[in-house]
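Student: Compact mmCIF, C-alpha atoms, file my_file.txt:
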```txt
# COMPACT_ATOMS: atom_id res chain seq x y z
CA MET A 704 -64.35 -16.68 -94.71
CA THR A 705 -66.11 -15.74 -91.50
CA LYS A 706 -68.34 -12.71 -91.75
CA ILE A 707 -68.02 -10.31 -88.82
CA ILE A 708 -70.82 -8.00 -87.73
CA SER A 709 -69.76 -5.24 -85.37
CA ILE A 710 -72.38 -3.86 -83.02
CA ILE A 711 -70.70 -1.26 -80.90
CA GLU A 712 -72.33 -0.02 -77.73
CA LYS A 713 -70.79 2.97 -76.06
CA VAL A 714 -70.08 2.18 -72.43
CA GLN A 715 -71.28 4.80 -69.98
CA ASN A 716 -68.77 5.94 -67.41
CA ALA A 717 -71.20 7.90 -65.26
CA ASN A 718 -69.65 6.43 -62.14
CA ASP A 719 -66.18 7.91 -62.69
CA GLN A 720 -66.71 10.92 -60.43
CA LEU A 721 -67.91 8.67 -57.61
CA ALA A 722 -64.84 6.47 -58.11
CA ALA A 723 -62.61 9.54 -57.74
CA GLU A 724 -64.35 10.36 -54.43
CA ILE A 725 -63.78 6.82 -53.18
CA GLN A 726 -60.13 7.02 -54.20
CA GLU A 727 -59.68 10.14 -52.07
CA GLN A 728 -61.57 8.58 -49.15
CA LEU A 729 -59.33 5.48 -49.21
CA GLN A 730 -56.14 7.51 -49.56
CA GLN A 731 -57.06 9.65 -46.57
CA ALA A 732 -57.47 6.48 -44.50
CA ARG A 733 -54.03 5.27 -45.74
CA LEU A 734 -55.68 2.04 -46.69
CA PHE A 735 -54.32 -0.02 -49.59
CA SER A 736 -57.16 -1.35 -51.73
CA LEU A 737 -57.47 -4.07 -54.38
CA ASN A 738 -60.27 -4.70 -56.87
CA LEU A 739 -60.15 -8.42 -57.69
CA MET A 740 -61.82 -9.40 -60.94
CA ALA A 741 -62.18 -12.75 -62.71
CA SER A 742 -64.37 -15.15 -64.57
CA PRO A 743 -66.77 -17.23 -62.41
CA GLY A 744 -64.81 -20.01 -60.78
CA ALA A 745 -61.31 -18.67 -61.50
CA GLY A 746 -60.67 -18.61 -57.76
CA LYS A 747 -61.24 -15.06 -56.48
CA THR A 748 -62.47 -16.22 -53.10
CA SER A 749 -59.73 -18.84 -52.78
CA VAL A 750 -57.10 -16.17 -53.51
CA ILE A 751 -58.69 -13.98 -50.83
CA GLU A 752 -58.63 -16.88 -48.33
CA LYS A 753 -54.95 -17.60 -49.05
CA THR A 754 -54.11 -13.89 -48.80
CA LEU A 755 -55.94 -13.58 -45.49
CA ALA A 756 -54.19 -16.66 -44.08
CA GLU A 757 -50.85 -14.89 -44.58
CA LEU A 758 -51.83 -11.33 -43.71
CA ILE A 759 -54.43 -11.52 -40.93
CA PRO A 760 -51.67 -11.97 -38.29
CA LEU A 761 -50.10 -8.72 -39.55
CA TYR A 762 -52.93 -6.39 -40.59
CA ASN A 763 -56.56 -5.41 -40.14
CA ILE A 764 -58.34 -6.35 -43.33
CA ALA A 765 -61.72 -5.41 -44.76
CA ALA A 766 -63.39 -7.48 -47.48
CA ILE A 767 -66.30 -6.47 -49.69
CA ASP A 768 -67.73 -9.25 -51.83
CA GLY A 769 -70.05 -8.68 -54.78
CA ASP A 770 -72.35 -11.38 -56.09
CA ILE A 771 -75.67 -11.74 -57.85
CA ALA A 772 -76.95 -13.78 -54.92
CA THR A 773 -75.92 -15.45 -51.64
CA SER A 774 -73.31 -14.40 -49.07
CA ILE A 775 -71.13 -17.50 -49.62
CA ASP A 776 -68.06 -15.41 -50.51
CA ALA A 777 -68.28 -12.87 -47.68
CA ASP A 778 -68.90 -15.73 -45.26
CA ARG A 779 -65.68 -17.39 -46.46
CA ALA A 780 -63.75 -14.10 -46.10
CA ALA A 781 -65.19 -13.58 -42.60
CA GLU A 782 -64.26 -17.13 -41.59
CA ALA A 783 -60.72 -16.42 -42.80
CA GLY A 784 -60.51 -13.45 -40.44
CA ALA A 785 -61.58 -10.39 -42.43
CA THR A 786 -64.34 -7.96 -41.51
CA ALA A 787 -66.63 -8.74 -44.42
CA VAL A 788 -69.65 -7.16 -46.12
CA GLN A 789 -71.55 -8.80 -48.96
CA ILE A 790 -73.11 -6.76 -51.76
CA ASN A 791 -75.90 -8.56 -53.59
CA THR A 792 -76.25 -6.81 -56.95
CA GLY A 793 -79.63 -8.36 -57.75
CA GLY A 794 -78.66 -9.26 -61.30
CA GLN A 795 -76.15 -6.55 -62.13
CA CYS A 796 -72.98 -8.05 -63.57
CA HIS A 797 -70.46 -5.86 -61.76
CA ILE A 798 -69.93 -3.74 -58.66
CA ASP A 799 -70.19 -0.04 -59.49
CA ALA A 800 -68.78 2.89 -57.53
CA ASN A 801 -72.17 3.66 -56.02
CA MET A 802 -72.50 0.15 -54.56
CA LEU A 803 -68.96 0.29 -53.22
CA LYS A 804 -69.56 3.68 -51.59
CA ILE A 805 -72.60 2.30 -49.77
CA ALA A 806 -70.66 -0.75 -48.63
CA LEU A 807 -67.70 1.37 -47.44
CA GLY A 808 -70.13 3.19 -45.13
CA GLU A 809 -70.24 -0.01 -43.06
CA PHE A 810 -66.54 0.29 -42.12
CA GLU A 811 -64.49 2.59 -39.90
CA LEU A 812 -61.86 2.89 -42.62
CA ASP A 813 -59.14 4.37 -40.38
CA ASN A 814 -59.04 1.06 -38.51
CA PHE A 815 -58.01 -0.97 -41.55
CA ASP A 816 -54.76 -1.49 -43.48
CA LEU A 817 -56.05 -3.40 -46.49
CA LEU A 818 -59.35 -3.52 -48.40
CA LEU A 819 -60.07 -6.47 -50.69
CA VAL A 820 -62.97 -5.93 -53.09
CA GLU A 821 -64.12 -9.13 -54.77
CA ASN A 822 -66.00 -8.13 -57.90
CA VAL A 823 -68.82 -10.14 -59.51
CA GLY A 824 -67.57 -13.15 -61.52
CA ASN A 825 -67.46 -11.74 -65.03
CA LEU A 826 -64.77 -11.02 -67.66
CA ILE A 827 -66.58 -8.14 -69.32
CA CYS A 828 -68.61 -5.64 -67.34
CA PRO A 829 -66.30 -5.00 -64.36
CA ALA A 830 -63.63 -3.63 -66.75
CA SER A 831 -65.91 -0.67 -67.58
CA PHE A 832 -66.65 0.36 -64.00
CA LYS A 833 -63.67 1.76 -62.16
CA LEU A 834 -64.10 1.73 -58.40
CA GLY A 835 -61.37 4.07 -57.18
CA THR A 836 -59.31 1.26 -55.68
CA ASP A 837 -55.49 1.51 -55.74
CA LYS A 838 -54.90 -1.50 -57.95
CA ASN A 839 -57.04 -3.60 -60.26
CA VAL A 840 -56.12 -7.27 -60.30
CA LEU A 841 -57.30 -9.87 -62.77
CA ILE A 842 -57.32 -13.54 -61.79
CA ALA A 843 -57.06 -15.87 -64.78
CA SER A 844 -57.10 -19.64 -64.35
CA ILE A 845 -55.53 -22.43 -66.37
CA PRO A 846 -58.70 -24.43 -67.20
CA GLU A 847 -60.35 -21.30 -68.69
CA GLY A 848 -58.05 -21.65 -71.69
CA ASP A 849 -55.16 -19.74 -73.22
CA ASP A 850 -57.27 -17.61 -75.60
CA LYS A 851 -58.86 -15.38 -72.96
CA PRO A 852 -56.60 -12.31 -73.44
CA TYR A 853 -57.60 -12.30 -77.14
CA LYS A 854 -61.32 -12.68 -76.43
CA TYR A 855 -61.63 -10.37 -73.41
CA PRO A 856 -59.07 -7.64 -74.20
CA GLY A 857 -60.87 -4.93 -72.21
CA MET A 858 -60.26 -6.81 -69.00
CA TYR A 859 -56.60 -7.56 -69.64
CA GLN A 860 -55.50 -4.18 -70.90
CA ASP A 861 -56.55 -2.07 -67.92
CA VAL A 862 -55.36 -4.13 -64.94
CA ASP A 863 -52.28 -3.51 -62.78
CA ALA A 864 -51.52 -7.13 -61.92
CA LEU A 865 -52.44 -10.59 -63.18
CA ILE A 866 -52.73 -13.73 -61.08
CA ILE A 867 -52.63 -16.98 -63.07
CA ASN A 868 -54.36 -19.44 -60.76
CA LYS A 869 -54.71 -23.25 -60.79
CA ILE A 870 -51.24 -23.87 -62.25
CA ASP A 871 -51.46 -27.31 -60.61
CA LEU A 872 -53.86 -28.24 -63.45
CA LEU A 873 -51.31 -27.50 -66.23
CA PRO A 874 -50.51 -31.21 -66.75
CA TYR A 875 -54.19 -32.06 -67.32
CA VAL A 876 -55.44 -29.39 -69.74
CA ASP A 877 -54.32 -27.99 -73.09
CA PHE A 878 -52.96 -24.58 -72.19
CA ASP A 879 -50.19 -22.96 -74.24
CA MET A 880 -48.53 -20.56 -71.79
CA ASP A 881 -46.54 -18.84 -74.55
CA TYR A 882 -49.69 -18.11 -76.58
CA PHE A 883 -51.44 -16.83 -73.44
CA LYS A 884 -48.51 -14.58 -72.49
CA GLN A 885 -48.19 -13.23 -76.03
CA GLY A 886 -51.82 -12.13 -75.83
CA VAL A 887 -51.24 -10.47 -72.47
CA GLN A 888 -48.02 -8.80 -73.67
CA MET A 889 -49.82 -7.34 -76.69
CA LEU A 890 -52.47 -5.71 -74.49
CA ASN A 891 -50.53 -4.88 -71.37
CA PRO A 892 -46.73 -4.98 -71.78
CA ASP A 893 -44.74 -5.70 -68.61
CA LEU A 894 -47.90 -6.55 -66.65
CA LEU A 895 -46.96 -7.79 -63.19
CA THR A 896 -47.83 -11.51 -63.19
CA PHE A 897 -48.15 -14.05 -60.37
CA PRO A 898 -48.54 -17.72 -61.35
CA ILE A 899 -50.04 -19.47 -58.32
CA SER A 900 -51.95 -22.50 -57.10
CA CYS A 901 -54.38 -22.00 -54.22
CA LYS A 902 -54.49 -25.79 -53.95
CA THR A 903 -50.75 -26.47 -53.52
CA GLY A 904 -49.76 -23.02 -52.24
CA GLU A 905 -47.19 -22.53 -55.01
CA GLY A 906 -46.51 -18.86 -55.76
CA ILE A 907 -48.72 -17.50 -52.94
CA GLU A 908 -45.80 -16.01 -51.00
CA SER A 909 -44.59 -13.99 -53.97
CA TRP A 910 -48.13 -12.55 -54.31
CA THR A 911 -48.58 -11.74 -50.61
CA ASN A 912 -45.08 -10.20 -50.45
CA TRP A 913 -46.13 -7.79 -53.19
CA VAL A 914 -49.33 -6.92 -51.26
CA ILE A 915 -47.32 -6.34 -48.07
CA GLY A 916 -44.99 -4.00 -50.00
CA GLN A 917 -47.97 -2.04 -51.29
CA ILE A 918 -49.51 -1.76 -47.79
CA LYS A 919 -46.22 -0.42 -46.40
CA THR A 920 -45.86 2.10 -49.22
CA THR A 921 -49.45 3.31 -48.73
CA LYS A 922 -48.96 3.72 -44.96
CA SER A 923 -45.80 5.78 -45.39
CA SER A 924 -47.17 7.99 -48.20
CA MET B 595 -72.40 -12.28 -39.06
CA THR B 596 -72.03 -11.11 -42.66
CA LYS B 597 -73.97 -7.98 -43.50
CA ILE B 598 -75.83 -8.15 -46.83
CA ILE B 599 -76.67 -5.06 -48.85
CA SER B 600 -79.23 -5.63 -51.60
CA ILE B 601 -79.09 -3.33 -54.60
CA ILE B 602 -81.75 -4.48 -56.99
CA GLU B 603 -81.70 -3.33 -60.57
CA LYS B 604 -84.75 -4.11 -62.64
CA VAL B 605 -83.74 -5.90 -65.81
CA GLN B 606 -85.25 -4.48 -68.96
CA ASN B 607 -86.83 -7.02 -71.31
CA ALA B 608 -87.35 -4.65 -74.23
CA ASN B 609 -86.06 -7.30 -76.61
CA ASP B 610 -88.83 -9.82 -75.89
CA GLN B 611 -91.00 -8.85 -78.85
CA LEU B 612 -88.05 -9.19 -81.22
CA ALA B 613 -87.31 -12.62 -79.70
CA ALA B 614 -90.90 -13.68 -80.42
CA GLU B 615 -90.45 -12.62 -84.07
CA ILE B 616 -87.23 -14.64 -84.31
CA GLN B 617 -88.99 -17.65 -82.81
CA GLU B 618 -91.65 -17.51 -85.53
CA GLN B 619 -89.05 -17.03 -88.26
CA LEU B 620 -87.09 -20.10 -87.08
CA GLN B 621 -90.23 -22.22 -86.70
CA GLN B 622 -91.34 -21.38 -90.24
CA ALA B 623 -87.96 -22.59 -91.53
CA ARG B 624 -88.39 -25.83 -89.49
CA LEU B 625 -84.97 -25.19 -88.07
CA PHE B 626 -84.07 -26.45 -84.59
CA SER B 627 -82.11 -23.80 -82.69
CA LEU B 628 -79.95 -23.82 -79.57
CA ASN B 629 -78.70 -20.87 -77.51
CA LEU B 630 -75.50 -22.05 -75.79
CA MET B 631 -74.48 -20.08 -72.72
CA ALA B 632 -71.58 -20.48 -70.29
CA SER B 633 -68.84 -18.86 -68.30
CA PRO B 634 -65.70 -17.91 -70.26
CA GLY B 635 -63.66 -21.03 -70.88
CA ALA B 636 -66.32 -23.58 -69.92
CA GLY B 637 -66.04 -25.06 -73.40
CA LYS B 638 -68.84 -23.64 -75.58
CA THR B 639 -66.76 -23.71 -78.75
CA SER B 640 -65.38 -27.17 -77.97
CA VAL B 641 -68.94 -28.48 -77.46
CA ILE B 642 -69.89 -26.94 -80.82
CA GLU B 643 -66.89 -28.57 -82.50
CA LYS B 644 -67.76 -31.99 -81.05
CA THR B 645 -71.42 -31.55 -82.03
CA LEU B 646 -70.46 -30.57 -85.58
CA ALA B 647 -68.10 -33.55 -85.90
CA GLU B 648 -71.08 -35.87 -85.29
CA LEU B 649 -73.79 -33.96 -87.13
CA ILE B 650 -72.18 -32.34 -90.19
CA PRO B 651 -72.42 -35.64 -92.15
CA LEU B 652 -76.17 -35.65 -91.46
CA TYR B 653 -77.37 -32.03 -91.48
CA ASN B 654 -76.80 -28.50 -92.74
CA ILE B 655 -75.77 -26.45 -89.75
CA ALA B 656 -75.56 -22.70 -89.16
CA ALA B 657 -73.46 -21.24 -86.34
CA ILE B 658 -73.62 -17.72 -84.95
CA ASP B 659 -70.88 -16.84 -82.45
CA GLY B 660 -70.99 -13.86 -80.14
CA ASP B 661 -67.87 -12.36 -78.62
CA ILE B 662 -66.54 -9.04 -77.39
CA ALA B 663 -63.72 -9.28 -79.92
CA THR B 664 -62.07 -11.58 -82.51
CA SER B 665 -63.61 -14.21 -84.80
CA ILE B 666 -61.73 -17.11 -83.17
CA ASP B 667 -64.95 -18.97 -82.31
CA ALA B 668 -66.72 -18.59 -85.66
CA ASP B 669 -63.48 -19.59 -87.41
CA ARG B 670 -63.41 -22.78 -85.34
CA ALA B 671 -67.08 -23.50 -86.14
CA ALA B 672 -66.44 -22.86 -89.86
CA GLU B 673 -63.42 -25.15 -89.83
CA ALA B 674 -65.60 -27.84 -88.25
CA GLY B 675 -68.02 -27.60 -91.18
CA ALA B 676 -70.70 -25.09 -90.18
CA THR B 677 -71.71 -21.97 -92.09
CA ALA B 678 -70.59 -19.46 -89.50
CA VAL B 679 -71.14 -15.78 -88.73
CA GLN B 680 -69.37 -13.92 -85.93
CA ILE B 681 -71.08 -11.14 -83.99
CA ASN B 682 -68.68 -8.77 -82.27
CA THR B 683 -70.66 -7.06 -79.53
CA GLY B 684 -68.09 -4.33 -78.94
CA GLY B 685 -68.21 -4.66 -75.17
CA GLN B 686 -71.77 -5.81 -74.62
CA CYS B 687 -71.85 -8.84 -72.36
CA HIS B 688 -74.52 -10.84 -74.19
CA ILE B 689 -76.15 -11.34 -77.58
CA ASP B 690 -79.54 -9.64 -77.70
CA ALA B 691 -82.44 -10.40 -80.04
CA ASN B 692 -81.59 -7.40 -82.23
CA MET B 693 -78.05 -8.65 -82.88
CA LEU B 694 -79.32 -12.16 -83.58
CA LYS B 695 -81.92 -10.85 -86.05
CA ILE B 696 -79.21 -8.98 -87.98
CA ALA B 697 -76.99 -12.07 -88.03
CA LEU B 698 -79.88 -14.32 -89.19
CA GLY B 699 -80.24 -12.05 -92.22
CA GLU B 700 -76.94 -13.53 -93.47
CA PHE B 701 -78.48 -17.02 -93.83
CA GLU B 702 -81.02 -18.63 -96.17
CA LEU B 703 -82.72 -20.28 -93.20
CA ASP B 704 -84.75 -22.77 -95.23
CA ASN B 705 -81.48 -24.45 -96.23
CA PHE B 706 -80.52 -25.33 -92.67
CA ASP B 707 -81.59 -28.00 -90.16
CA LEU B 708 -79.84 -26.76 -87.05
CA LEU B 709 -78.76 -23.35 -85.73
CA LEU B 710 -76.18 -23.15 -82.95
CA VAL B 711 -75.95 -19.75 -81.26
CA GLU B 712 -72.86 -19.39 -79.08
CA ASN B 713 -73.54 -16.59 -76.64
CA VAL B 714 -70.89 -14.33 -75.07
CA GLY B 715 -68.96 -16.02 -72.23
CA ASN B 716 -70.85 -14.79 -69.18
CA LEU B 717 -72.95 -16.36 -66.40
CA ILE B 718 -75.14 -13.32 -65.78
CA CYS B 719 -76.33 -11.10 -68.60
CA PRO B 720 -77.32 -13.70 -71.23
CA ALA B 721 -79.97 -15.08 -68.84
CA SER B 722 -81.91 -11.82 -69.12
CA PHE B 723 -81.99 -11.65 -72.91
CA LYS B 724 -84.12 -14.32 -74.52
CA LEU B 725 -83.33 -14.83 -78.19
CA GLY B 726 -86.32 -16.82 -79.46
CA THR B 727 -84.30 -20.02 -79.88
CA ASP B 728 -86.01 -23.38 -79.27
CA LYS B 729 -83.83 -24.40 -76.33
CA ASN B 730 -81.48 -22.62 -73.97
CA VAL B 731 -78.51 -24.72 -72.92
CA LEU B 732 -76.09 -23.93 -70.13
CA ILE B 733 -72.58 -25.42 -70.20
CA ALA B 734 -71.04 -25.72 -66.73
CA SER B 735 -67.53 -27.08 -66.26
CA ILE B 736 -65.92 -28.97 -63.41
CA PRO B 737 -63.02 -26.54 -62.65
CA GLU B 738 -65.48 -23.63 -62.24
CA GLY B 739 -66.51 -25.13 -58.91
CA ASP B 740 -69.60 -26.73 -57.43
CA ASP B 741 -71.12 -23.52 -56.00
CA LYS B 742 -72.11 -21.95 -59.31
CA PRO B 743 -75.85 -22.84 -59.21
CA TYR B 744 -76.07 -21.06 -55.84
CA LYS B 745 -74.18 -17.96 -57.04
CA TYR B 746 -75.68 -17.62 -60.54
CA PRO B 747 -79.27 -18.83 -60.00
CA GLY B 748 -80.72 -16.76 -62.86
CA MET B 749 -78.73 -18.70 -65.39
CA TYR B 750 -79.55 -22.13 -63.98
CA GLN B 751 -83.25 -21.65 -63.40
CA ASP B 752 -84.29 -20.72 -66.94
CA VAL B 753 -82.39 -23.21 -69.11
CA ASP B 754 -83.80 -26.33 -70.81
CA ALA B 755 -80.66 -28.45 -70.64
CA LEU B 756 -77.35 -28.50 -68.77
CA ILE B 757 -74.05 -29.81 -70.08
CA ILE B 758 -71.45 -30.54 -67.37
CA ASN B 759 -68.18 -30.34 -69.29
CA LYS B 760 -64.59 -31.33 -68.42
CA ILE B 761 -65.59 -34.34 -66.30
CA ASP B 762 -62.12 -35.70 -67.10
CA LEU B 763 -60.81 -33.15 -64.55
CA LEU B 764 -62.90 -34.56 -61.65
CA PRO B 765 -59.92 -36.44 -60.14
CA TYR B 766 -57.84 -33.24 -59.98
CA VAL B 767 -60.18 -30.62 -58.50
CA ASP B 768 -62.41 -30.37 -55.44
CA PHE B 769 -65.90 -30.63 -56.91
CA ASP B 770 -68.76 -32.10 -54.86
CA MET B 771 -71.18 -33.38 -57.52
CA ASP B 772 -73.95 -33.95 -54.96
CA TYR B 773 -73.73 -30.34 -53.70
CA PHE B 774 -73.71 -29.06 -57.29
CA LYS B 775 -76.72 -31.20 -58.27
CA GLN B 776 -78.65 -30.16 -55.14
CA GLY B 777 -78.22 -26.55 -56.20
CA VAL B 778 -79.42 -27.31 -59.72
CA GLN B 779 -82.36 -29.39 -58.43
CA MET B 780 -83.49 -26.53 -56.18
CA LEU B 781 -83.59 -24.08 -59.10
CA ASN B 782 -84.61 -26.31 -61.98
CA PRO B 783 -86.02 -29.70 -60.93
CA ASP B 784 -85.63 -32.51 -63.48
CA LEU B 785 -83.33 -30.42 -65.68
CA LEU B 786 -82.00 -32.52 -68.52
CA THR B 787 -78.28 -33.00 -67.78
CA PHE B 788 -75.40 -34.26 -69.93
CA PRO B 789 -72.07 -34.91 -68.18
CA ILE B 790 -69.42 -34.86 -70.92
CA SER B 791 -65.74 -34.46 -71.68
CA CYS B 792 -64.79 -32.77 -74.93
CA LYS B 793 -61.26 -34.03 -74.32
CA THR B 794 -62.02 -37.77 -73.96
CA GLY B 795 -65.33 -37.79 -75.85
CA GLU B 796 -67.20 -39.30 -72.88
CA GLY B 797 -70.91 -38.49 -72.95
CA ILE B 798 -70.86 -36.68 -76.32
CA GLU B 799 -73.02 -39.29 -78.05
CA SER B 800 -75.79 -38.99 -75.49
CA TRP B 801 -75.81 -35.20 -76.08
CA THR B 802 -75.78 -35.41 -79.90
CA ASN B 803 -78.50 -38.10 -79.85
CA TRP B 804 -80.71 -35.66 -77.96
CA VAL B 805 -79.98 -32.92 -80.53
CA ILE B 806 -80.77 -35.32 -83.40
CA GLY B 807 -84.09 -36.20 -81.75
CA GLN B 808 -84.95 -32.49 -81.45
CA ILE B 809 -84.05 -31.83 -85.12
CA LYS B 810 -86.32 -34.70 -86.22
CA THR B 811 -89.19 -33.48 -84.05
CA THR B 812 -88.82 -29.93 -85.42
CA LYS B 813 -88.80 -31.15 -89.03
CA SER B 814 -91.95 -33.23 -88.58
CA SER B 815 -93.87 -30.57 -86.67
```
Before anything else, please render the file you have as structure tokens.

Tutor:
Amino acid sequence: MTKIISIIEKVQNANDQLAAEIQEQLQQARLFSLNLMASPGAGKTSVIEKTLAELIPLYNIAAIDGDIATSIDADRAAEAGATAVQINTGGQCHIDANMLKIALGEFELDNFDLLLVENVGNLICPASFKLGTDKNVLIASIPEGDDKPYKYPGMYQDVDALIINKIDLLPYVDFDMDYFKQGVQMLNPDLLTFPISCKTGEGIESWTNWVIGQIKTTKSS
Amino acid sequence: MTKIISIIEKVQNANDQLAAEIQEQLQQARLFSLNLMASPGAGKTSVIEKTLAELIPLYNIAAIDGDIATSIDADRAAEAGATAVQINTGGQCHIDANMLKIALGEFELDNFDLLLVENVGNLICPASFKLGTDKNVLIASIPEGDDKPYKYPGMYQDVDALIINKIDLLPYVDFDMDYFKQGVQMLNPDLLTFPISCKTGEGIESWTNWVIGQIKTTKSS
């Protein structure tokens, strides 16, 4: 019954060459890097805080936080022990490779083991702008609803790992985990998935153990 | 301590003239129109369903739903009694005036009393693309967190009304309502605000009464 009008806009990938340069730069520094993407309020900064709490005793960690405005997120990362730089995009809905390259200029990369890039809160635009980081991670959250893989396929199909945050809220919201996982499976079979709660701490160790494994592999490569 | 790098991108408002044309078209049809914007999963479609449940017995209602992919939202609006059209933006993170104009061509506007436009789930891009609708409404939700007005000021400062959805989750998440409201007040003093729960129905009547008042005013203008 519903009429569908398709208005396709071709996404420009002019930043791909710059992303390749960043990738080489990070590999030379033997630095493992993560691009964390999510909807506003899914818990990107909380995941970073929990990750830092576990890993700061072990590693030197750089954090780059992208937002439209404020330095709330970088301040939180800095308080949690990272060396943090905030990018204010002035309205742009994602970090692009050019912004990241400028921000990376603020760090002596050889001194760091892990780089956490917190992208702008958005389930659309960041998917189109690769940054040259080792792994792209999507953070979903329970109260967002179980239909998000179906409605934002671009984001789900290109990521290397998926964190499902706020599982402590499962008893209080309508969220069909099977329907959610079917959508994910359709787009990204065998996607590495970490169900966690930043509030209760459930699942955090499994996530940080994976990150530690990746850091070790990068160092020995 | 945190270093801030500002990268300002000037937002193009090439669609403003088209929005003005739409505004005239809607006014001539004496149709009251709402542009509903929110983060993914804040509850735009649920708010539309609740609104339709109250108003379908009273009015003829058109719904236009924008999404990257699928017609899930327009299907839900159609099931709830609206005449619904889905716009698939093919990756674009907002509805623009051009898309809306094409979608409006599918309706005999004189036959309708209310138009509900559900924008793409995004707290950034839709703020920059006015559509010519009578009122812009932002739907925030409790689990998104209380810092959103500070981090997405563009969205909060230009809207005419704010729905705070999922208030039934207040006991289960850390959400400082005073901090949230201070942020809103700073950007948009005296913003009309409706705290609601689509799950329990709390606050819905106050919202729909406001919509009914706006429809009546538009008809008699």

Student: Quick one: everything within 7 Å of segment 738-740 of chain B, counting only C-alpha atoms, minus sequence neighbours fewer than 5 positions away in the same chain. Send it as a list in words.

Tutor: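 The residues that qualify are Pro743, Gly744 and Ala745 of chain A; Phe769, Asp770, Met771, Tyr773 and Phe774 of chain B.
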
Student: Using 8 Å as the limit and counting only C-alpha atoms, can you tabulate each residue of chain B that touches chain A, with its shortest atom-to-atom distance in Å and the two atoms involved, as a tab-separated table?

Tutor:
```
residue	atom	partner	partner_atom	distance
B:Met595	CA	A:Asp778	CA	7.9
B:Thr596	CA	A:Val788	CA	5.8
B:Lys597	CA	A:Val788	CA	5.1
B:Ile598	CA	A:Gln789	CA	4.8
B:Ile599	CA	A:Ile790	CA	4.9
B:Ser600	CA	A:Asn791	CA	4.9
B:Ile601	CA	A:Thr792	CA	5.1
B:Ile602	CA	A:Gly793	CA	4.5
B:Glu603	CA	A:Gly793	CA	6.1
B:Val605	CA	A:Gly794	CA	7.6
B:Ser633	CA	A:Pro743	CA	6.5
B:Pro634	CA	A:Ser742	CA	6.5
B:Gly635	CA	A:Glu847	CA	4.0
B:Ala636	CA	A:Glu847	CA	6.5
B:Asp661	CA	A:Lys854	CA	6.9
B:Ile662	CA	A:Lys854	CA	6.4
B:Ala663	CA	A:Lys854	CA	5.4
B:Thr664	CA	A:Lys854	CA	6.2
B:Ser665	CA	A:Ile707	CA	7.1
B:Ala668	CA	A:Thr705	CA	6.5
B:Asp669	CA	A:Thr705	CA	6.2
B:Ala672	CA	A:Thr705	CA	7.3
B:Ala678	CA	A:Thr705	CA	6.2
B:Val679	CA	A:Lys706	CA	5.1
B:Gln680	CA	A:Ile707	CA	4.8
B:Ile681	CA	A:Ile708	CA	4.9
B:Asn682	CA	A:Ser709	CA	4.8
B:Thr683	CA	A:Ile710	CA	5.0
B:Gly684	CA	A:Ile711	CA	4.5
B:Gly685	CA	A:Glu712	CA	6.7
B:Gln686	CA	A:Glu712	CA	6.6
B:Cys687	CA	A:Ile827	CA	6.1
B:Met693	CA	A:Ile710	CA	7.4
B:Ala697	CA	A:Ile708	CA	7.4
B:Gly715	CA	A:Leu826	CA	8.0
B:Asn716	CA	A:Asn825	CA	6.2
B:Leu717	CA	A:Asn825	CA	7.3
B:Ile718	CA	A:Cys796	CA	6.1
B:Cys719	CA	A:Cys796	CA	6.8
B:Pro737	CA	A:Pro846	CA	6.6
B:Glu738	CA	A:Gly744	CA	4.0
B:Gly739	CA	A:Gly744	CA	5.7
B:Lys742	CA	A:Gly744	CA	7.7
B:Tyr744	CA	A:Thr773	CA	7.0
B:Lys745	CA	A:Ala772	CA	5.4
B:Tyr746	CA	A:Ile771	CA	6.5
B:Pro747	CA	A:Ala772	CA	7.5
B:Gly748	CA	A:Gly794	CA	7.9
B:Leu763	CA	A:Tyr875	CA	7.3
B:Tyr766	CA	A:Leu872	CA	7.3
```

Student: Please provide the set of residues having any atom within 10 Å of Thr811 of chain B, restricted to all atoms listed in the file, with same-chain residues fewer than 4 positions apart removed, written as a tab-separated table (two decimals) with C-alpha atoms, keeping the file's coordinate frame.

Tutor:
```tsv
chain	number	residue	atom	x	y	z
B	624	ARG	CA	-88.39	-25.83	-89.49
B	626	PHE	CA	-84.07	-26.45	-84.59
B	805	VAL	CA	-79.98	-32.92	-80.53
B	806	ILE	CA	-80.77	-35.32	-83.40
B	807	GLY	CA	-84.09	-36.20	-81.75
B	815	SER	CA	-93.87	-30.57	-86.67
```

Student: Could you please determine the separation between atom CA of Ile759 of chain A and atom CA of Leu817 of chain A in Å, to one decimal place?

Tutor: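 We find that atom CA of Ile759 of chain A and atom CA of Leu817 of chain A lie 10.0 Å from each other.
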
Student: Find, counting all atoms listed in the file, the residue in B:Asp728, B:Ile733, B:Gln622, B:Ala613 that gets nearest to Ile642 of chain B.

Tutor: B:Ile733

Student: I'd like the interatomic distance between atom CA of Gly906 of chain A and atom CA of Leu894 of chain A, to a tenth of an Å.

Tutor: 16.5 Å

Student: Let me make sure I understand: among A:Asn814, A:Met740, A:Ala783, A:Ala800, which one has the smallest atom-to-atom distance to Met858 of chain A if we use only C-alpha atoms?

Tutor: A:Met740

Student: List every protein, DNA or RNA residue with an atom no more than 10 Å from (-55.6, -3.2, -49.6) in the file's coordinates, counting all atoms listed in the file, and format the result as a list of chain:residue names.

Tutor: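 Looking at atoms near the point gives A:Leu729, A:Arg733, A:Leu734, A:Phe735, A:Ser736, A:Leu737, A:Asn738, A:Tyr762, A:Asn763, A:Ile764, A:Ala765, A:Ala766, A:Phe815, A:Asp816, A:Leu817, A:Leu818, A:Leu819, A:Val820, A:Thr836, A:Asp837, A:Lys838, A:Val914, A:Ile915, A:Gln917, A:Ile918, A:Thr921.
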